[in-house]
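So the structure is just underneath, and the comments pick up after that.
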Amino acid sequence: MDAIVIGAGPAGLACGACLKRQGFDVELLDRAQQVGARWRGHYESLRLHTSRGRSGLPGLAMPRTFPRYPTRAQVVDYLESYARYFELEPVFGAEIRRVEKSGERWRVTGSMGERMADVVVFATGINDRPRQPVIVGLDEFIGPVVHSSGYRNPEALPGKRVLVVGFGNSGADIALDLIAAGRDVQIVVRSPVNILPKELLGVPITSFELLTRLLPYRWADRLVAPLLRAAVGRPEDYGLMAHAKGPAARVIEDGRIPMIDTGALAAIREGKLVLRPGLERFEGQVARFVDGVGVEFDAVVLATGYQHDLRSLLPGLPGVLDAAGRPRLSGQRTAERGLYFCSYIVSANGQLKQAGREAEAIARDAAEALRRR
């Protein structure tokens, strides 16, 4: 039994390990030059928002010497150790161009040539390519403009005044990183939000994901709502708009992760982080907001998320991808036998945990399907 896994990040490594344990000969292909390339490129101050105990991949827990919330560098070290432990040796520099059926098998074509396999797993994940917003005048802004995927540390951004566009987890983390370096930071918050504490009653907030498996998710939202108000207050207390849906409903229905507070609320309360409404346009170095206010900035960070579109790689396979090129199913059998996707849905328990769960399910299903064939 042969399997090809596209991607050598956490999801790809987990799939490779689980498929090997099911008896597959596995080849991992990745366009980068090292395992966990995206993790290596994250901002230096990043820490997991999920705890160490809920972030390990199948078959090898994170070391107990790691803190409760491991750093970016520790996650990279863990991914390298994981690859060595399961003897996974990806083919790097492999740019995939096309995946297509060939009888009962799959043909994968790319810069590495042509490969054939019984099973193909896409594991490039939901953070594949940065989403670049269209903002009038942005291309004429006088100063550095960097997407959050390209931000490393404050030293890379000259000047004192920085505008962060986007109040998700990356945007809030980067804003705090810049504030700690003495920058004047303002952040664009265009939409209503859900905000969670990093811990609730001394327990990592992602552990409460268990409630969504024991109860209907809307019940879970109602159950924890009073605890969340006691822990972080109401968004309106900070000049934010509360989302009409609870955090679990946002994840399950809309695929949106709540903002986990690691200090942003305190920075807002203390006046260190200034909130701005929607961004209308740039006029030179001036950002003009929808309320008419204009503020001059030296640099801009676009924390505007990511997108993934697999249509060019998977032509002629109706029912597998939606109209935007996103997988319809993740972590389970698709409409095409032998084709799987791992870690393409947002999860309340964290992407590492979710990737591991999906990898195990994919490996089991793929092995059973081939044995029945």
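In the structure tokens, the first chain shown is A, the next is B, and so on; residue numbers restart at 1 for each chain, and ligands run from 1 in the order shown.
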Contacts of Gly319 of chain A at 9 Å (only C-alpha atoms; same-chain gap of 5+ positions) as a PyMOL selection string: chain A and resi 328+334-336
Polymer residues at most 9 Å from Leu310 of chain A, only C-alpha atoms, same-chain spacing of 6 or more positions, as a ChimeraX atom specification: /A:321,324-327
Counting only C-alpha atoms, which residue out of A:Leu210, A:Val251, A:Ile96, A:Val188 sits closest to Gly278 of chain A?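 Of A:Leu210, A:Val251, A:Ile96, A:Val188, the one nearest Gly278 of chain A, counting only C-alpha atoms, is A:Val188.
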Can you work out which one of A:Ala61, A:Met259, A:Ala267, A:Leu215 has the shortest atom-to-atom distance to Pro192 of chain A, counting only C-alpha atoms?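 Closest to Pro192 of chain A of all the choices is A:Met259.
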Give me the residues near segment 14-20 of chain A as a PyMOL selection string, where near means some atom within 8 Å (using only C-alpha atoms) and where sequence neighbours in that chain fewer than 5 positions away do not count. chain A and resi 3+5+25-28+57-59+86+88+121+123+342+355-356+359-360+362-364
As an exercise, work out the distance from atom CA of Glu280 of chain A to atom CA of Tyr151 of chain A in Å and give it to one decimal place.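 A separation of 23.1 Å between them.
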Just want the 9 Å neighbourhood of Ser45 of chain A, counted on only C-alpha atoms, with same-chain residues fewer than 5 positions away dropped. Output as a list in words.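 What passes the distance filter is Thr71, Arg72, Arg152, Asn153, Asp173, Ile174 and Asp177 of chain A.
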Residues at most 8 Å from Ser111 of chain A, counting only C-alpha atoms, excluding those fewer than 2 positions away in the same chain, as a ChimeraX atom specification? /A:93-97,109,113
Given the selection you just returned, output its residues as a file containing C-alpha atoms, formatted as a CSV table (one decimal), in the first residue's frame.
chain,number,residue,atom,x,y,z
A,93,GLY,CA,11.4,21.5,-2.9
A,94,ALA,CA,8.5,19.6,-4.4
A,95,GLU,CA,6.0,22.0,-6.0
A,96,ILE,CA,2.8,20.1,-6.8
A,97,ARG,CA,1.2,20.9,-10.1
A,109,THR,CA,2.8,15.5,-10.8
A,113,GLY,CA,8.5,14.4,-11.4
Ala367 of chain A: which residues within 10 Å, counting only C-alpha atoms, same-chain residues fewer than 2 positions away excluded, as a list in words?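 Near Ala367 of chain A, the qualifying residues are Met1, Leu19, Gln22, Gly23, Phe24, Val119, Gly338, Ile362, Ala363, Arg364, Asp365, Ala369, Leu370, Arg371 and Arg372 of chain A.
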Counting only C-alpha atoms, which residues of segment 112-224 of chain A sit at most 9 Å from some atom of segment 289-309 of chain A, and what is each one's closest atom pair with its distance in Å to one decimal, listed by chain and rising residue number, as a Markdown table?
| residue | atom | partner | partner_atom | distance |
| --- | --- | --- | --- | --- |
| A:Thr124 | CA | A:His308 | CA | 8.8 |
| A:Gly125 | CA | A:His308 | CA | 7.8 |
| A:Ile126 | CA | A:His308 | CA | 6.1 |
| A:Asn127 | CA | A:Tyr306 | CA | 5.1 |
| A:Asp128 | CA | A:His308 | CA | 5.6 |
| A:Arg129 | CA | A:Tyr306 | CA | 5.4 |
| A:Pro130 | CA | A:Tyr306 | CA | 4.3 |
| A:Arg131 | CA | A:Tyr306 | CA | 4.6 |
| A:Gln132 | CA | A:Thr304 | CA | 7.0 |
| A:Pro133 | CA | A:Thr304 | CA | 7.1 |
| A:Phe141 | CA | A:Ala299 | CA | 8.7 |
| A:Ile142 | CA | A:Asp298 | CA | 7.6 |
| A:Gly143 | CA | A:Ala299 | CA | 5.4 |
| A:Pro144 | CA | A:Ala299 | CA | 5.1 |
| A:Val145 | CA | A:Val300 | CA | 4.8 |
| A:Val146 | CA | A:Val301 | CA | 5.0 |
| A:His147 | CA | A:Leu302 | CA | 4.5 |
| A:Ser148 | CA | A:Ala303 | CA | 4.9 |
| A:Ser149 | CA | A:Ala303 | CA | 8.0 |
| A:Tyr151 | CA | A:Val301 | CA | 7.7 |
| A:Leu157 | CA | A:Ala299 | CA | 6.6 |
| A:Pro158 | CA | A:Asp298 | CA | 7.2 |
| A:Gly159 | CA | A:Asp298 | CA | 5.3 |
| A:Lys160 | CA | A:Asp298 | CA | 6.5 |
| A:Arg161 | CA | A:Phe297 | CA | 5.0 |
| A:Val162 | CA | A:Ala299 | CA | 4.9 |
| A:Leu163 | CA | A:Val300 | CA | 4.8 |
| A:Val164 | CA | A:Val301 | CA | 4.7 |
| A:Val165 | CA | A:Leu302 | CA | 5.0 |
| A:Gly166 | CA | A:Ala303 | CA | 4.9 |
| A:Phe167 | CA | A:Ala303 | CA | 7.4 |
| A:Gly168 | CA | A:Ala303 | CA | 7.3 |
| A:Asn169 | CA | A:Ala303 | CA | 8.8 |
| A:Ser170 | CA | A:Ala303 | CA | 6.3 |
| A:Gly171 | CA | A:Ala303 | CA | 5.0 |
| A:Ala172 | CA | A:Ala303 | CA | 8.8 |
| A:Ile174 | CA | A:Val301 | CA | 8.5 |
| A:Val188 | CA | A:Phe289 | CA | 8.9 |
Residues as selected, N, CA and C atoms, written as an mmCIF file, in the first residue's frame, can you do that?
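And here's part-v5.cif as it stands now:
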data_model
loop_
_atom_site.group_PDB
_atom_site.id
_atom_site.type_symbol
_atom_site.label_atom_id
_atom_site.label_comp_id
_atom_site.auth_asym_id
_atom_site.auth_seq_id
_atom_site.Cartn_x
_atom_site.Cartn_y
_atom_site.Cartn_z
ATOM 1 N N THR A 124 -1.821 20.563 3.516
ATOM 2 C CA THR A 124 -1.241 21.907 3.528
ATOM 3 C C THR A 124 -2.011 22.856 4.431
ATOM 4 N N GLY A 125 -3.242 22.486 4.820
ATOM 5 C CA GLY A 125 -3.966 23.206 5.860
ATOM 6 C C GLY A 125 -4.616 24.506 5.445
ATOM 7 N N ILE A 126 -5.279 25.114 6.427
ATOM 8 C CA ILE A 126 -6.080 26.314 6.167
ATOM 9 C C ILE A 126 -5.233 27.579 6.083
ATOM 10 N N ASN A 127 -3.981 27.525 6.539
ATOM 11 C CA ASN A 127 -3.115 28.709 6.514
ATOM 12 C C ASN A 127 -2.115 28.622 5.371
ATOM 13 N N ASP A 128 -2.602 28.255 4.195
ATOM 14 C CA ASP A 128 -1.697 27.983 3.082
ATOM 15 C C ASP A 128 -1.134 29.257 2.468
ATOM 16 N N ARG A 129 -1.988 30.215 2.148
ATOM 17 C CA ARG A 129 -1.523 31.432 1.477
ATOM 18 C C ARG A 129 -2.136 32.667 2.148
ATOM 19 N N PRO A 130 -1.312 33.694 2.380
ATOM 20 C CA PRO A 130 -1.823 34.914 3.030
ATOM 21 C C PRO A 130 -2.933 35.571 2.212
ATOM 22 N N ARG A 131 -3.929 36.058 2.922
ATOM 23 C CA ARG A 131 -5.005 36.815 2.266
ATOM 24 C C ARG A 131 -4.603 38.292 2.237
ATOM 25 N N GLN A 132 -4.488 38.837 1.043
ATOM 26 C CA GLN A 132 -4.090 40.233 0.876
ATOM 27 C C GLN A 132 -5.332 41.077 0.607
ATOM 28 N N PRO A 133 -5.697 41.965 1.526
ATOM 29 C CA PRO A 133 -6.904 42.766 1.330
ATOM 30 C C PRO A 133 -6.690 43.845 0.271
ATOM 31 N N PHE A 141 1.313 53.599 0.055
ATOM 32 C CA PHE A 141 1.701 53.914 1.433
ATOM 33 C C PHE A 141 3.214 54.079 1.517
ATOM 34 N N ILE A 142 3.650 55.127 2.170
ATOM 35 C CA ILE A 142 5.079 55.424 2.279
ATOM 36 C C ILE A 142 5.606 54.779 3.556
ATOM 37 N N GLY A 143 6.083 53.584 3.445
ATOM 38 C CA GLY A 143 6.553 52.839 4.606
ATOM 39 C C GLY A 143 6.342 51.354 4.392
ATOM 40 N N PRO A 144 6.903 50.526 5.267
ATOM 41 C CA PRO A 144 6.761 49.067 5.101
ATOM 42 C C PRO A 144 5.338 48.599 5.359
ATOM 43 N N VAL A 145 4.882 47.677 4.530
ATOM 44 C CA VAL A 145 3.604 46.999 4.697
ATOM 45 C C VAL A 145 3.903 45.505 4.686
ATOM 46 N N VAL A 146 3.560 44.799 5.761
ATOM 47 C CA VAL A 146 3.891 43.378 5.859
ATOM 48 C C VAL A 146 2.670 42.603 6.322
ATOM 49 N N HIS A 147 2.423 41.462 5.701
ATOM 50 C CA HIS A 147 1.385 40.561 6.189
ATOM 51 C C HIS A 147 1.900 39.894 7.460
ATOM 52 N N SER A 148 0.984 39.498 8.335
ATOM 53 C CA SER A 148 1.395 38.870 9.600
ATOM 54 C C SER A 148 2.260 37.633 9.357
ATOM 55 N N SER A 149 2.054 36.959 8.222
ATOM 56 C CA SER A 149 2.865 35.775 7.908
ATOM 57 C C SER A 149 4.323 36.136 7.681
ATOM 58 N N TYR A 151 5.787 38.853 9.316
ATOM 59 C CA TYR A 151 6.291 39.611 10.469
ATOM 60 C C TYR A 151 7.119 38.684 11.357
ATOM 61 N N LEU A 157 10.433 46.505 11.636
ATOM 62 C CA LEU A 157 9.564 47.611 11.258
ATOM 63 C C LEU A 157 10.130 48.912 11.817
ATOM 64 N N PRO A 158 10.679 49.757 10.972
ATOM 65 C CA PRO A 158 11.194 51.040 11.451
ATOM 66 C C PRO A 158 10.059 51.998 11.797
ATOM 67 N N GLY A 159 10.376 53.023 12.546
ATOM 68 C CA GLY A 159 9.374 54.023 12.891
ATOM 69 C C GLY A 159 8.695 53.726 14.209
ATOM 70 N N LYS A 160 7.921 54.682 14.668
ATOM 71 C CA LYS A 160 7.292 54.602 15.989
ATOM 72 C C LYS A 160 5.842 54.146 15.921
ATOM 73 N N ARG A 161 5.117 54.582 14.895
ATOM 74 C CA ARG A 161 3.661 54.389 14.840
ATOM 75 C C ARG A 161 3.311 53.245 13.884
ATOM 76 N N VAL A 162 2.612 52.260 14.419
ATOM 77 C CA VAL A 162 2.281 51.070 13.617
ATOM 78 C C VAL A 162 0.772 50.831 13.655
ATOM 79 N N LEU A 163 0.219 50.562 12.487
ATOM 80 C CA LEU A 163 -1.191 50.183 12.383
ATOM 81 C C LEU A 163 -1.272 48.694 12.108
ATOM 82 N N VAL A 164 -2.022 47.981 12.944
ATOM 83 C CA VAL A 164 -2.284 46.561 12.731
ATOM 84 C C VAL A 164 -3.714 46.430 12.214
ATOM 85 N N VAL A 165 -3.883 45.767 11.097
ATOM 86 C CA VAL A 165 -5.209 45.600 10.489
ATOM 87 C C VAL A 165 -5.685 44.187 10.780
ATOM 88 N N GLY A 166 -6.650 44.059 11.682
ATOM 89 C CA GLY A 166 -7.187 42.744 12.029
ATOM 90 C C GLY A 166 -6.997 42.417 13.492
ATOM 91 N N PHE A 167 -8.092 42.039 14.153
ATOM 92 C CA PHE A 167 -8.073 41.801 15.599
ATOM 93 C C PHE A 167 -8.304 40.328 15.909
ATOM 94 N N GLY A 168 -7.688 39.464 15.105
ATOM 95 C CA GLY A 168 -7.687 38.050 15.438
ATOM 96 C C GLY A 168 -6.532 37.746 16.369
ATOM 97 N N ASN A 169 -6.225 36.468 16.527
ATOM 98 C CA ASN A 169 -5.161 36.088 17.460
ATOM 99 C C ASN A 169 -3.791 36.589 17.019
ATOM 100 N N SER A 170 -3.484 36.480 15.730
ATOM 101 C CA SER A 170 -2.190 36.969 15.261
ATOM 102 C C SER A 170 -2.098 38.482 15.397
ATOM 103 N N GLY A 171 -3.165 39.188 15.007
ATOM 104 C CA GLY A 171 -3.146 40.645 15.106
ATOM 105 C C GLY A 171 -2.946 41.124 16.529
ATOM 106 N N ALA A 172 -3.649 40.501 17.475
ATOM 107 C CA ALA A 172 -3.518 40.896 18.877
ATOM 108 C C ALA A 172 -2.120 40.570 19.409
ATOM 109 N N ILE A 174 0.720 40.279 17.715
ATOM 110 C CA ILE A 174 1.714 41.164 17.111
ATOM 111 C C ILE A 174 1.608 42.565 17.693
ATOM 112 N N VAL A 188 -7.104 47.935 13.814
ATOM 113 C CA VAL A 188 -8.401 48.026 13.147
ATOM 114 C C VAL A 188 -9.264 46.848 13.569
#
